[in-house]
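**Student:** Input structure: upload_36.cif, which contains mmCIF, C-alpha atoms and all ligand atoms.
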```cif
data_query
#
loop_
_atom_site.label_atom_id
_atom_site.label_comp_id
_atom_site.auth_asym_id
_atom_site.auth_seq_id
_atom_site.Cartn_x
_atom_site.Cartn_y
_atom_site.Cartn_z
CA MET A 10 20.68 -27.33 -116.01
CA SER A 11 23.27 -30.08 -116.28
CA ASP A 12 21.97 -33.66 -116.40
CA ASP A 13 24.20 -34.44 -113.39
CA ILE A 14 22.18 -32.16 -111.13
CA ARG A 15 19.33 -33.87 -109.32
CA LYS A 16 17.41 -30.89 -107.98
CA GLY A 17 15.62 -31.87 -104.77
CA LEU A 18 17.83 -35.01 -104.86
CA VAL A 19 14.99 -36.64 -106.83
CA GLY A 20 15.78 -40.30 -107.42
CA VAL A 21 19.12 -40.13 -105.59
CA VAL A 22 19.94 -43.12 -103.36
CA ALA A 23 22.05 -41.45 -100.67
CA ASP A 24 22.92 -44.45 -98.44
CA GLN A 25 21.69 -47.82 -97.23
CA THR A 26 19.32 -48.29 -94.31
CA ALA A 27 18.07 -51.35 -92.43
CA ILE A 28 15.34 -49.42 -90.60
CA SER A 29 12.50 -49.22 -93.12
CA LYS A 30 11.74 -50.14 -96.68
CA VAL A 31 9.39 -48.05 -98.81
CA ASN A 32 8.21 -49.85 -101.93
CA PRO A 33 6.17 -47.54 -104.16
CA GLU A 34 5.55 -50.34 -106.69
CA THR A 35 3.62 -52.42 -104.17
CA ASN A 36 2.51 -49.51 -101.97
CA SER A 37 4.15 -51.15 -99.01
CA LEU A 38 6.12 -49.91 -96.03
CA LEU A 39 8.13 -52.21 -93.77
CA TYR A 40 9.68 -51.29 -90.41
CA ARG A 41 12.56 -53.68 -89.75
CA GLY A 42 10.80 -56.14 -92.08
CA TYR A 43 7.31 -55.90 -90.58
CA PRO A 44 4.46 -54.39 -92.68
CA VAL A 45 3.43 -51.20 -90.92
CA GLN A 46 -0.27 -52.09 -91.01
CA GLU A 47 0.46 -55.29 -89.04
CA LEU A 48 2.37 -53.32 -86.42
CA ALA A 49 -0.42 -50.72 -86.22
CA ALA A 50 -3.04 -53.43 -85.66
CA THR A 51 -1.16 -55.37 -83.01
CA GLN A 52 1.46 -53.31 -81.15
CA PRO A 53 1.60 -50.48 -78.65
CA PHE A 54 3.62 -47.58 -80.03
CA GLU A 55 6.34 -48.06 -77.42
CA ALA A 56 7.04 -51.57 -78.80
CA VAL A 57 7.44 -50.09 -82.29
CA ALA A 58 9.87 -47.52 -80.89
CA TYR A 59 11.90 -50.38 -79.41
CA LEU A 60 11.77 -52.19 -82.75
CA LEU A 61 13.05 -49.16 -84.67
CA TRP A 62 15.96 -48.63 -82.25
CA ASN A 63 16.94 -52.26 -81.71
CA GLY A 64 15.83 -54.18 -84.80
CA GLU A 65 13.47 -56.58 -82.96
CA LEU A 66 10.21 -56.27 -81.07
CA PRO A 67 10.79 -56.34 -77.30
CA THR A 68 10.30 -59.37 -75.09
CA PRO A 69 7.96 -58.68 -72.13
CA GLU A 70 11.04 -58.13 -69.94
CA GLN A 71 12.62 -55.71 -72.41
CA ALA A 72 9.31 -53.85 -72.73
CA ALA A 73 9.05 -53.57 -68.94
CA THR A 74 12.61 -52.27 -68.63
CA GLN A 75 12.02 -49.69 -71.36
CA ALA A 76 8.74 -48.60 -69.75
CA ALA A 77 10.35 -48.21 -66.33
CA GLU A 78 13.21 -46.15 -67.78
CA GLY A 79 10.83 -44.01 -69.87
CA ARG A 80 8.63 -43.22 -66.85
CA ARG A 81 11.55 -41.26 -65.37
CA TYR A 82 11.08 -38.67 -68.13
CA ARG A 83 7.32 -38.61 -68.62
CA ALA A 84 6.61 -35.60 -66.42
CA LEU A 85 7.23 -32.09 -67.73
CA ALA A 86 10.64 -31.08 -66.35
CA PRO A 87 10.48 -27.71 -64.52
CA GLU A 88 13.29 -26.27 -66.66
CA VAL A 89 11.42 -27.26 -69.83
CA LYS A 90 8.14 -25.82 -68.55
CA ALA A 91 9.91 -22.58 -67.59
CA ALA A 92 11.41 -22.29 -71.08
CA ILE A 93 8.06 -22.93 -72.78
CA ASP A 94 6.36 -20.38 -70.53
CA GLN A 95 8.76 -17.71 -71.82
CA LEU A 96 7.49 -18.17 -75.37
CA PRO A 97 4.63 -16.14 -76.85
CA LEU A 98 1.21 -17.79 -76.57
CA ASP A 99 0.47 -16.89 -80.17
CA GLY A 100 3.66 -18.51 -81.50
CA HIS A 101 3.54 -21.85 -83.31
CA PRO A 102 3.74 -24.90 -81.00
CA MET A 103 6.40 -26.40 -83.29
CA ASP A 104 8.67 -23.63 -82.02
CA GLU A 105 7.90 -24.69 -78.45
CA VAL A 106 8.70 -28.31 -79.20
CA ARG A 107 11.94 -27.35 -80.94
CA THR A 108 12.93 -25.16 -77.96
CA ALA A 109 11.97 -27.84 -75.43
CA VAL A 110 14.15 -30.46 -77.14
CA SER A 111 17.00 -27.99 -77.17
CA VAL A 112 16.56 -27.39 -73.42
CA ILE A 113 16.52 -31.14 -72.70
CA GLY A 114 19.71 -31.48 -74.73
CA SER A 115 21.41 -28.68 -72.80
CA LEU A 116 20.43 -30.25 -69.47
CA ASP A 117 21.55 -33.73 -70.48
CA LEU A 118 24.84 -32.66 -72.05
CA ALA A 119 25.80 -30.25 -69.26
CA GLY A 120 29.47 -30.72 -68.45
CA GLU A 121 30.37 -31.97 -71.92
CA THR A 122 32.01 -28.80 -73.06
CA SER A 123 34.15 -30.20 -75.86
CA VAL A 124 32.54 -30.73 -79.25
CA LEU A 125 34.69 -33.83 -79.53
CA GLU A 126 32.58 -35.47 -76.79
CA ALA A 127 29.23 -34.51 -78.32
CA VAL A 128 28.53 -37.54 -80.45
CA GLY A 129 28.26 -40.01 -77.54
CA THR A 130 28.29 -43.81 -77.50
CA VAL A 131 25.57 -46.07 -78.91
CA GLU A 132 24.31 -46.81 -75.38
CA GLN A 133 24.25 -43.12 -74.45
CA ASN A 134 22.35 -42.32 -77.62
CA LYS A 135 19.80 -45.08 -77.09
CA ALA A 136 19.19 -43.62 -73.62
CA ARG A 137 18.89 -40.11 -75.12
CA SER A 138 16.43 -41.43 -77.72
CA LEU A 139 14.26 -42.97 -75.02
CA ARG A 140 14.43 -39.80 -72.97
CA LEU A 141 13.10 -37.67 -75.84
CA PHE A 142 10.48 -40.25 -76.79
CA ALA A 143 9.22 -40.34 -73.19
CA ALA A 144 9.39 -36.58 -72.63
CA LEU A 145 7.69 -35.33 -75.81
CA PRO A 146 4.05 -36.18 -74.95
CA ALA A 147 4.15 -33.91 -71.88
CA ILE A 148 5.64 -31.11 -73.99
CA VAL A 149 3.04 -31.41 -76.76
CA ALA A 150 0.17 -31.82 -74.29
CA TYR A 151 1.25 -28.80 -72.26
CA GLY A 152 1.54 -26.71 -75.44
CA GLN A 153 -2.13 -27.29 -76.20
CA ARG A 154 -3.27 -26.85 -72.59
CA ARG A 155 -1.31 -23.61 -72.13
CA ARG A 156 -3.10 -22.09 -75.13
CA ARG A 157 -6.38 -22.98 -73.47
CA GLY A 158 -5.31 -21.39 -70.17
CA LEU A 159 -4.93 -24.78 -68.44
CA ASP A 160 -2.18 -26.24 -66.25
CA ALA A 161 -0.07 -29.26 -67.12
CA VAL A 162 -1.55 -32.65 -66.15
CA PRO A 163 0.91 -35.03 -64.44
CA PRO A 164 1.48 -38.39 -66.17
CA ARG A 165 -0.24 -41.60 -65.03
CA GLU A 166 2.06 -44.50 -64.10
CA ASP A 167 -0.60 -47.07 -64.93
CA LEU A 168 -1.23 -46.01 -68.53
CA GLY A 169 0.65 -46.98 -71.70
CA TYR A 170 2.18 -44.37 -74.02
CA SER A 171 -0.90 -43.53 -76.09
CA ALA A 172 -3.46 -43.57 -73.26
CA ASN A 173 -1.15 -41.45 -71.11
CA PHE A 174 -0.57 -38.97 -73.96
CA LEU A 175 -4.34 -38.42 -74.26
CA TRP A 176 -4.64 -38.23 -70.46
CA MET A 177 -1.99 -35.51 -70.21
CA THR A 178 -3.62 -33.54 -73.05
CA PHE A 179 -7.26 -33.71 -72.00
CA GLY A 180 -7.10 -34.57 -68.29
CA GLU A 181 -9.51 -37.46 -68.69
CA GLU A 182 -9.13 -41.11 -69.56
CA ALA A 183 -9.88 -41.85 -73.21
CA PRO A 184 -11.99 -44.86 -74.23
CA ASP A 185 -10.17 -47.80 -75.85
CA VAL A 186 -11.48 -47.02 -79.34
CA VAL A 187 -9.94 -43.54 -79.17
CA VAL A 188 -6.64 -44.78 -77.69
CA ASP A 189 -6.42 -47.39 -80.44
CA ALA A 190 -6.94 -44.86 -83.26
CA PHE A 191 -4.34 -42.53 -81.74
CA ASN A 192 -1.87 -45.38 -81.22
CA ARG A 193 -2.22 -46.39 -84.88
CA SER A 194 -1.50 -42.85 -86.02
CA MET A 195 1.66 -42.73 -83.88
CA ILE A 196 2.89 -45.99 -85.43
CA LEU A 197 2.14 -44.86 -88.99
CA TYR A 198 4.01 -41.57 -88.55
CA ALA A 199 7.05 -43.14 -86.88
CA GLU A 200 9.37 -43.82 -89.79
CA HIS A 201 9.64 -43.29 -93.53
CA SER A 202 13.24 -43.76 -94.75
CA PHE A 203 15.11 -40.70 -96.08
CA ASN A 204 12.35 -38.10 -95.90
CA ALA A 205 13.45 -34.45 -95.52
CA SER A 206 13.51 -34.32 -91.70
CA THR A 207 15.22 -37.69 -91.28
CA PHE A 208 17.81 -36.76 -93.87
CA THR A 209 18.36 -33.48 -92.01
CA ALA A 210 19.00 -35.46 -88.82
CA ARG A 211 21.46 -37.69 -90.67
CA VAL A 212 23.28 -34.70 -92.19
CA ILE A 213 23.72 -33.12 -88.74
CA THR A 214 24.78 -36.45 -87.24
CA SER A 215 27.32 -36.96 -90.03
CA THR A 216 29.31 -33.99 -88.71
CA LEU A 217 29.61 -35.84 -85.34
CA SER A 218 27.28 -33.35 -83.70
CA ASP A 219 25.03 -34.59 -80.88
CA LEU A 220 21.67 -36.37 -81.06
CA TYR A 221 19.72 -33.45 -79.60
CA SER A 222 21.10 -31.04 -82.22
CA ALA A 223 20.11 -33.51 -84.94
CA VAL A 224 16.55 -33.78 -83.57
CA VAL A 225 16.23 -29.99 -83.27
CA GLY A 226 17.23 -29.68 -86.94
CA ALA A 227 14.78 -32.41 -87.92
CA ILE A 228 11.95 -30.60 -86.13
CA GLY A 229 12.75 -27.50 -88.19
CA ALA A 230 12.53 -29.52 -91.40
CA LEU A 231 9.29 -31.17 -90.34
CA LYS A 232 7.54 -27.86 -89.68
CA GLY A 233 7.24 -27.02 -93.39
CA PRO A 234 3.87 -27.60 -95.10
CA LEU A 235 5.45 -29.68 -97.86
CA HIS A 236 6.44 -32.17 -95.14
CA GLY A 237 4.98 -32.52 -91.63
CA GLY A 238 3.08 -29.24 -91.62
CA ALA A 239 0.68 -30.75 -94.17
CA ASN A 240 -1.50 -32.42 -91.50
CA GLU A 241 -2.23 -29.00 -90.02
CA ALA A 242 -2.72 -27.54 -93.50
CA VAL A 243 -5.35 -30.18 -94.35
CA LEU A 244 -7.55 -28.88 -91.54
CA HIS A 245 -7.11 -25.29 -92.71
CA ILE A 246 -8.40 -26.47 -96.10
CA PHE A 247 -11.33 -28.33 -94.51
CA ASP A 248 -12.19 -25.17 -92.55
CA GLU A 249 -12.06 -23.11 -95.75
CA ILE A 250 -14.32 -25.50 -97.65
CA GLY A 251 -16.82 -26.00 -94.82
CA THR A 252 -19.13 -28.70 -96.18
CA ALA A 253 -19.11 -31.32 -98.93
CA GLU A 254 -21.42 -29.20 -101.13
CA ASN A 255 -18.73 -26.52 -101.39
CA VAL A 256 -15.98 -28.86 -102.60
CA VAL A 257 -16.52 -28.43 -106.36
CA PRO A 258 -16.55 -24.61 -106.50
CA TRP A 259 -13.72 -24.43 -103.95
CA LEU A 260 -11.59 -26.85 -105.94
CA ASP A 261 -12.35 -25.10 -109.25
CA GLN A 262 -11.00 -21.90 -107.81
CA ALA A 263 -8.03 -23.47 -105.98
CA LEU A 264 -6.86 -25.26 -109.12
CA ALA A 265 -7.39 -22.14 -111.25
CA GLU A 266 -5.10 -20.33 -108.78
CA LYS A 267 -2.61 -23.25 -109.07
CA ARG A 268 -2.77 -23.89 -105.33
CA LYS A 269 -1.25 -27.04 -103.87
CA ILE A 270 -3.91 -29.11 -102.15
CA MET A 271 -2.39 -30.17 -98.87
CA GLY A 272 -2.60 -33.85 -97.95
CA PHE A 273 -2.26 -35.01 -101.56
CA GLY A 274 0.80 -36.11 -103.48
CA HIS A 275 4.07 -37.69 -102.45
CA ARG A 276 7.64 -37.63 -103.68
CA VAL A 277 7.94 -41.42 -103.56
CA TYR A 278 4.41 -42.85 -103.83
CA LYS A 279 2.80 -41.89 -107.10
CA ARG A 280 -0.09 -44.37 -106.93
CA GLY A 281 -1.17 -43.95 -103.32
CA ASP A 282 0.53 -43.80 -99.92
CA SER A 283 0.88 -47.21 -98.24
CA ARG A 284 -0.14 -45.76 -94.85
CA VAL A 285 -3.41 -44.20 -95.95
CA PRO A 286 -5.73 -47.27 -95.85
CA THR A 287 -4.75 -48.02 -92.22
CA MET A 288 -5.18 -44.40 -91.12
CA LYS A 289 -8.42 -44.04 -93.10
CA ALA A 290 -9.81 -47.08 -91.25
CA ALA A 291 -8.86 -45.43 -87.94
CA LEU A 292 -10.54 -42.20 -89.09
CA ASP A 293 -13.69 -44.15 -90.06
CA THR A 294 -13.82 -45.64 -86.56
CA LEU A 295 -13.60 -42.17 -85.05
CA ILE A 296 -16.24 -40.78 -87.43
CA GLU A 297 -18.59 -43.54 -86.30
CA TYR A 298 -17.70 -43.13 -82.61
CA TYR A 299 -18.25 -39.36 -82.67
CA ASP A 300 -21.18 -39.65 -85.13
CA ARG A 301 -19.74 -37.20 -87.66
CA PRO A 302 -21.00 -38.19 -91.14
CA ASP A 303 -20.35 -34.60 -92.27
CA VAL A 304 -16.59 -35.21 -91.89
CA ALA A 305 -16.84 -38.39 -93.97
CA ALA A 306 -18.79 -36.55 -96.70
CA LEU A 307 -16.26 -33.71 -96.94
CA TYR A 308 -13.30 -36.11 -96.86
CA ASP A 309 -14.71 -38.45 -99.52
CA THR A 310 -15.91 -35.69 -101.83
CA LEU A 311 -12.62 -33.79 -101.83
CA GLU A 312 -10.65 -36.99 -102.37
CA ALA A 313 -12.88 -38.18 -105.24
CA GLN A 314 -12.87 -34.78 -106.96
CA PHE A 315 -9.13 -34.19 -106.61
CA VAL A 316 -8.09 -37.68 -107.68
CA ALA A 317 -10.47 -37.53 -110.69
CA ARG A 318 -9.08 -34.18 -111.83
CA LYS A 319 -5.35 -34.52 -111.05
CA GLY A 320 -4.69 -38.24 -110.64
CA ILE A 321 -2.82 -37.39 -107.41
CA TYR A 322 -3.63 -39.51 -104.35
CA PRO A 323 -3.90 -38.66 -100.62
CA ASN A 324 -0.90 -39.04 -98.35
CA LEU A 325 -0.95 -39.91 -94.62
CA ASP A 326 -1.66 -36.33 -93.60
CA TYR A 327 -5.04 -36.38 -95.36
CA PRO A 328 -6.75 -38.88 -92.99
CA SER A 329 -4.65 -38.02 -89.93
CA GLY A 330 -5.56 -34.29 -89.94
CA PRO A 331 -9.33 -34.86 -89.53
CA ALA A 332 -8.66 -37.78 -87.14
CA TYR A 333 -6.66 -35.54 -84.80
CA ASN A 334 -9.41 -32.92 -85.06
CA LEU A 335 -12.03 -35.45 -83.98
CA LEU A 336 -9.80 -36.55 -81.09
CA GLY A 337 -9.95 -32.97 -79.79
CA PHE A 338 -6.46 -31.77 -80.67
CA ASP A 339 -6.12 -28.14 -81.76
CA THR A 340 -5.10 -27.81 -85.40
CA LEU A 341 -1.75 -26.27 -84.41
CA THR A 342 -0.96 -29.35 -82.30
CA PHE A 343 -1.07 -31.76 -85.26
CA THR A 344 2.53 -31.32 -86.44
CA PRO A 345 3.90 -31.55 -82.87
CA LEU A 346 2.09 -34.92 -82.67
CA PHE A 347 4.05 -35.93 -85.78
CA VAL A 348 7.26 -34.94 -83.92
CA ALA A 349 6.32 -37.10 -80.92
CA SER A 350 6.00 -40.05 -83.28
CA ARG A 351 8.79 -39.41 -85.80
CA VAL A 352 11.36 -38.84 -83.05
CA THR A 353 11.60 -42.65 -82.99
CA GLY A 354 12.51 -42.87 -86.68
CA TRP A 355 14.87 -39.88 -86.46
CA THR A 356 16.77 -41.32 -83.53
CA ALA A 357 16.95 -44.79 -85.13
CA HIS A 358 18.54 -43.13 -88.17
CA ILE A 359 20.90 -41.11 -85.97
CA LEU A 360 22.10 -44.39 -84.39
CA GLU A 361 22.48 -45.97 -87.82
CA GLN A 362 24.35 -42.97 -89.24
CA GLN A 363 26.75 -43.01 -86.28
CA ALA A 364 27.36 -46.72 -86.72
CA SER A 365 28.74 -46.26 -90.25
CA ASN A 366 29.38 -42.58 -90.64
CA ALA A 367 30.55 -40.63 -93.66
CA LEU A 368 30.32 -36.83 -93.66
CA ILE A 369 27.37 -35.87 -95.91
CA ARG A 370 28.69 -33.16 -98.17
CA PRO A 371 27.37 -32.99 -101.75
CA LEU A 372 28.77 -30.76 -104.48
CA SER A 373 27.11 -27.84 -106.22
CA ALA A 374 27.39 -26.47 -109.76
CA TYR A 375 28.22 -22.77 -109.68
CA ASN A 376 25.99 -20.57 -111.86
CA GLY A 377 26.84 -17.11 -110.51
CA VAL A 378 28.83 -14.29 -112.14
CA ALA A 379 32.22 -15.11 -113.65
CA GLU A 380 35.38 -14.29 -111.67
CA ARG A 381 35.86 -10.50 -111.24
CA HIS A 382 38.12 -8.17 -109.21
CA ILE A 383 37.98 -5.18 -106.84
CA ASP A 384 39.03 -1.96 -108.66
CA GLY A 385 42.44 -0.81 -107.50
CA TYR A 386 43.19 -3.96 -105.51
CA VAL A 387 46.84 -4.86 -105.59
CA ALA A 388 47.78 -8.26 -104.29
CA ASP A 389 50.35 -8.41 -101.46
CA THR A 390 53.63 -9.65 -102.71
N1 LIG B 401 -1.85 -30.25 -105.19
C1 LIG B 401 -1.81 -29.79 -106.45
N2 LIG B 401 -0.88 -30.16 -107.33
C2 LIG B 401 0.05 -31.04 -106.92
C3 LIG B 401 0.06 -31.57 -105.62
C4 LIG B 401 -0.94 -31.14 -104.75
N3 LIG B 401 -0.99 -31.60 -103.50
N4 LIG B 401 1.09 -32.42 -105.49
C5 LIG B 401 1.72 -32.42 -106.65
N5 LIG B 401 1.09 -31.59 -107.54
C6 LIG B 401 1.46 -31.31 -108.91
C7 LIG B 401 2.50 -30.19 -108.94
O1 LIG B 401 1.89 -28.93 -109.02
C8 LIG B 401 3.28 -30.55 -110.17
O2 LIG B 401 2.53 -30.15 -111.30
P1 LIG B 401 3.26 -29.58 -112.61
O3 LIG B 401 4.13 -30.71 -113.08
O4 LIG B 401 2.13 -29.24 -113.51
O5 LIG B 401 4.06 -28.41 -112.14
C9 LIG B 401 3.31 -32.08 -110.15
O6 LIG B 401 2.13 -32.46 -109.42
C10 LIG B 401 4.52 -32.63 -109.46
O7 LIG B 401 4.58 -32.04 -108.17
P2 LIG B 401 5.91 -31.78 -107.34
O8 LIG B 401 5.60 -30.89 -106.20
O9 LIG B 401 7.01 -31.34 -108.26
O10 LIG B 401 6.23 -33.25 -106.89
P3 LIG B 401 7.13 -33.64 -105.72
O11 LIG B 401 7.39 -35.09 -105.86
O12 LIG B 401 8.30 -32.75 -105.58
O13 LIG B 401 6.16 -33.28 -104.51
C11 LIG B 401 5.00 -33.07 -102.57
C12 LIG B 401 5.73 -34.03 -103.50
C13 LIG B 401 4.58 -33.83 -101.32
C14 LIG B 401 5.93 -31.92 -102.17
C15 LIG B 401 3.76 -32.48 -103.29
O14 LIG B 401 2.91 -33.53 -103.73
C16 LIG B 401 3.00 -31.51 -102.42
O15 LIG B 401 3.38 -30.35 -102.33
N6 LIG B 401 1.90 -31.97 -101.73
C17 LIG B 401 1.17 -31.14 -100.83
C18 LIG B 401 1.87 -31.08 -99.46
C19 LIG B 401 1.72 -32.38 -98.70
O16 LIG B 401 0.65 -32.94 -98.59
N7 LIG B 401 2.83 -32.82 -98.10
C20 LIG B 401 2.87 -34.03 -97.28
C21 LIG B 401 3.73 -35.06 -97.91
S1 LIG B 401 3.53 -36.68 -97.20
C22 LIG B 401 3.84 -36.58 -95.54
C23 LIG B 401 5.27 -36.26 -95.25
O17 LIG B 401 6.18 -36.94 -95.72
O18 LIG B 401 5.52 -35.34 -94.49
#
```
Show me, as structure tokens, the structure contained in the file I just sent.
**Tutor:**
Amino acid sequence: MSDDIRKGLVGVVADQTAISKVNPETNSLLYRGYPVQELAATQPFEAVAYLLWNGELPTPEQAATQAAEGRRYRALAPEVKAAIDQLPLDGHPMDEVRTAVSVIGSLDLAGETSVLEAVGTVEQNKARSLRLFAALPAIVAYGQRRRRGLDAVPPREDLGYSANFLWMTFGEEAPDVVVDAFNRSMILYAEHSFNASTFTARVITSTLSDLYSAVVGAIGALKGPLHGGANEAVLHIFDEIGTAENVVPWLDQALAEKRKIMGFGHRVYKRGDSRVPTMKAALDTLIEYYDRPDVAALYDTLEAQFVARKGIYPNLDYPSGPAYNLLGFDTLTFTPLFVASRVTGWTAHILEQQASNALIRPLSAYNGVAERHIDGYVADT
């Protein structure tokens, strides 16, 4: 392969961004200049969404305006519910979320029949971003409830984003310790520079397509187990292993079969993921709250064994998978939770791409058969 080809775009700097800075040397991640662990410890997720879109944390007035606007979209729209209800109950909830976003886009863009109008203004796209951000919890929550044979729970006006998300999923008010752990996970998942799904959103945006199409494409990219699907895959691994005593024989066999161990490794961080310590602390709080030392033992043993053998460290999905399990989410709901969070980063990047657009269109090196011709073909003269 030619030296010019960077398969997987490894090491390629594709554009500039002012939204987040990933520094693998110092294991740090900044959103608009703020270390993510400081945001996770001090902010509600909705303030971080505002920060990603606008560059600054909101004033109390700005936060109140955003909250009032978002509340218009918190309930599950009947058209969206009807579309979800058409889908098979044994399908993957990521397909529901992808479909629901597509339906919201069709409703919002009704009347804009020309592709030339699709891209929208900055203000329109900020409003669309907020609409998706506000609407996704009801979609994810209903997906889980529908699989359990339960109806949708209407949103609560008096609750913030994270508390309301848990309310709509479980139909009961979560204690502060649980809301805090969930809120931290939402903040940690929100943004991570040019990861595969965000880059997908930017590629779609670069053609001057609309924000909803870009988010639908990003959801498709996130579903894969090498990206967002890994948080679900971690729980499948935990289920396979069972208890801490089984880790060594399980890992011996998995490595002999050259399996990838989900929740470990990262394209950018090679010495540990900057988000893991914050999420691990949230997981520890939940382990204590729910009194589940068995989860801690399995988590710690697998991490210690895998790091010792391969020198590959956990990524964010490793602590967040078991945390979501303890919170009561079904395993299949984990990646949709990632969507509900990352939609903030995606839409911030869509706004940034629109603000200084260049069509994203790389080249390829052809390695197929040499030029050949159809027998008997005579060119028109
Ligand atoms: N388990 C076993 N071996 C691994 C793992 C793993 N989790 N991760 C990397 N390796 C090995 C890999 O087999 C390869 O070995 P060799 O050189 O002998 O062929 C070497 O490490 C390099 O791996 P790679 O896949 O070429 O490296 P990459 O930078 O392309 O991959 C990754 C990054 C995330 C795709 C990979 O580490 C992986 O597949 N991890 C498991 C899936 C996962 O947890 N994904 C979530 C990523 S973080 C959250 C997100 O952004 O969505």
**Student:** Work out how far apart atom CA of Arg156 of chain A and atom CA of Asp300 of chain A are and give it in Å to one decimal.
**Tutor:** 27.1 Å
**Student:** Show me, as a Markdown table, the residues of segment 104-223 of chain A having an atom within 10 Å of segment 47-70 of chain A, each with the closest atom pair and its distance in Å, using only C-alpha atoms.
**Tutor:**
```
| residue | atom | partner | partner_atom | distance |
| --- | --- | --- | --- | --- |
| A:Lys135 | CA | A:Trp62 | CA | 7.3 |
| A:Ser138 | CA | A:Trp62 | CA | 8.5 |
| A:Leu139 | CA | A:Ala58 | CA | 8.6 |
| A:Phe142 | CA | A:Ala58 | CA | 8.4 |
| A:Ala143 | CA | A:Glu55 | CA | 9.3 |
| A:Gly169 | CA | A:Pro53 | CA | 7.8 |
| A:Tyr170 | CA | A:Glu55 | CA | 6.5 |
| A:Ser171 | CA | A:Phe54 | CA | 7.2 |
| A:Asp189 | CA | A:Ala50 | CA | 8.7 |
| A:Ala190 | CA | A:Ala49 | CA | 9.3 |
| A:Phe191 | CA | A:Phe54 | CA | 9.6 |
| A:Asn192 | CA | A:Phe54 | CA | 6.0 |
| A:Arg193 | CA | A:Ala49 | CA | 4.9 |
| A:Ser194 | CA | A:Ala49 | CA | 7.9 |
| A:Met195 | CA | A:Phe54 | CA | 6.5 |
| A:Ile196 | CA | A:Phe54 | CA | 5.7 |
| A:Leu197 | CA | A:Ala49 | CA | 7.0 |
| A:Ala199 | CA | A:Ala58 | CA | 7.9 |
| A:Glu200 | CA | A:Leu61 | CA | 8.3 |
```
**Student:** Deliver the residues from the most recent selection as a file, using C-alpha atoms, as a PDB file, keeping the file's coordinate frame.
**Tutor:**
```pdb
ATOM      1  CA  LYS A 135      19.800 -45.080 -77.090  1.00  0.00           C
ATOM      2  CA  SER A 138      16.430 -41.430 -77.720  1.00  0.00           C
ATOM      3  CA  LEU A 139      14.260 -42.970 -75.020  1.00  0.00           C
ATOM      4  CA  PHE A 142      10.480 -40.250 -76.790  1.00  0.00           C
ATOM      5  CA  ALA A 143       9.220 -40.340 -73.190  1.00  0.00           C
ATOM      6  CA  GLY A 169       0.650 -46.980 -71.700  1.00  0.00           C
ATOM      7  CA  TYR A 170       2.180 -44.370 -74.020  1.00  0.00           C
ATOM      8  CA  SER A 171      -0.900 -43.530 -76.090  1.00  0.00           C
ATOM      9  CA  ASP A 189      -6.420 -47.390 -80.440  1.00  0.00           C
ATOM     10  CA  ALA A 190      -6.940 -44.860 -83.260  1.00  0.00           C
ATOM     11  CA  PHE A 191      -4.340 -42.530 -81.740  1.00  0.00           C
ATOM     12  CA  ASN A 192      -1.870 -45.380 -81.220  1.00  0.00           C
ATOM     13  CA  ARG A 193      -2.220 -46.390 -84.880  1.00  0.00           C
ATOM     14  CA  SER A 194      -1.500 -42.850 -86.020  1.00  0.00           C
ATOM     15  CA  MET A 195       1.660 -42.730 -83.880  1.00  0.00           C
ATOM     16  CA  ILE A 196       2.890 -45.990 -85.430  1.00  0.00           C
ATOM     17  CA  LEU A 197       2.140 -44.860 -88.990  1.00  0.00           C
ATOM     18  CA  ALA A 199       7.050 -43.140 -86.880  1.00  0.00           C
ATOM     19  CA  GLU A 200       9.370 -43.820 -89.790  1.00  0.00           C
TER      20      GLU A 200
END
```
**Student:** So that each row is one residue of chain A with an atom at most 8 Å from ligand LIG 401 (chain B), can you give its shortest atom pair and the distance in Å to one decimal, using all atoms listed in the file, rows by chain and rising number, as CSV?
**Tutor:**
```
residue,atom,partner,partner_atom,distance
A:Gly17,CA,B:LIG401,O12,7.4
A:Val19,CA,B:LIG401,O11,7.8
A:His201,CA,B:LIG401,O17,7.6
A:Asn204,CA,B:LIG401,O17,6.3
A:Ala205,CA,B:LIG401,O17,7.7
A:Leu231,CA,B:LIG401,O18,7.0
A:Pro234,CA,B:LIG401,C18,5.9
A:Leu235,CA,B:LIG401,N7,4.1
A:His236,CA,B:LIG401,O18,3.4
A:Gly237,CA,B:LIG401,O18,4.1
A:Gly238,CA,B:LIG401,O18,7.2
A:Ala239,CA,B:LIG401,C19,4.9
A:Asn240,CA,B:LIG401,C20,7.4
A:Val243,CA,B:LIG401,O16,7.8
A:Leu264,CA,B:LIG401,C1,7.3
A:Lys267,CA,B:LIG401,C1,7.1
A:Arg268,CA,B:LIG401,C1,6.1
A:Lys269,CA,B:LIG401,N1,3.5
A:Ile270,CA,B:LIG401,N1,3.8
A:Met271,CA,B:LIG401,O16,4.1
A:Gly272,CA,B:LIG401,O16,3.4
A:Phe273,CA,B:LIG401,N3,4.1
A:Gly274,CA,B:LIG401,O14,3.3
A:His275,CA,B:LIG401,C13,4.1
A:Arg276,CA,B:LIG401,O11,3.4
A:Val277,CA,B:LIG401,O11,6.8
A:Lys319,CA,B:LIG401,N2,7.3
A:Ile321,CA,B:LIG401,N4,6.6
A:Pro323,CA,B:LIG401,O16,7.6
A:Asn324,CA,B:LIG401,S1,5.1
A:Leu325,CA,B:LIG401,C22,5.9
A:Asp326,CA,B:LIG401,C22,5.8
A:Tyr327,CA,B:LIG401,O16,7.4
```
**Student:** Quick one: residues within 12 Å of Lys30 of chain A, all atoms listed in the file counted, chain neighbours fewer than 4 positions away excluded, as a ChimeraX atom specification?
**Tutor:** /A:25-26,34-45,200-203,277,283
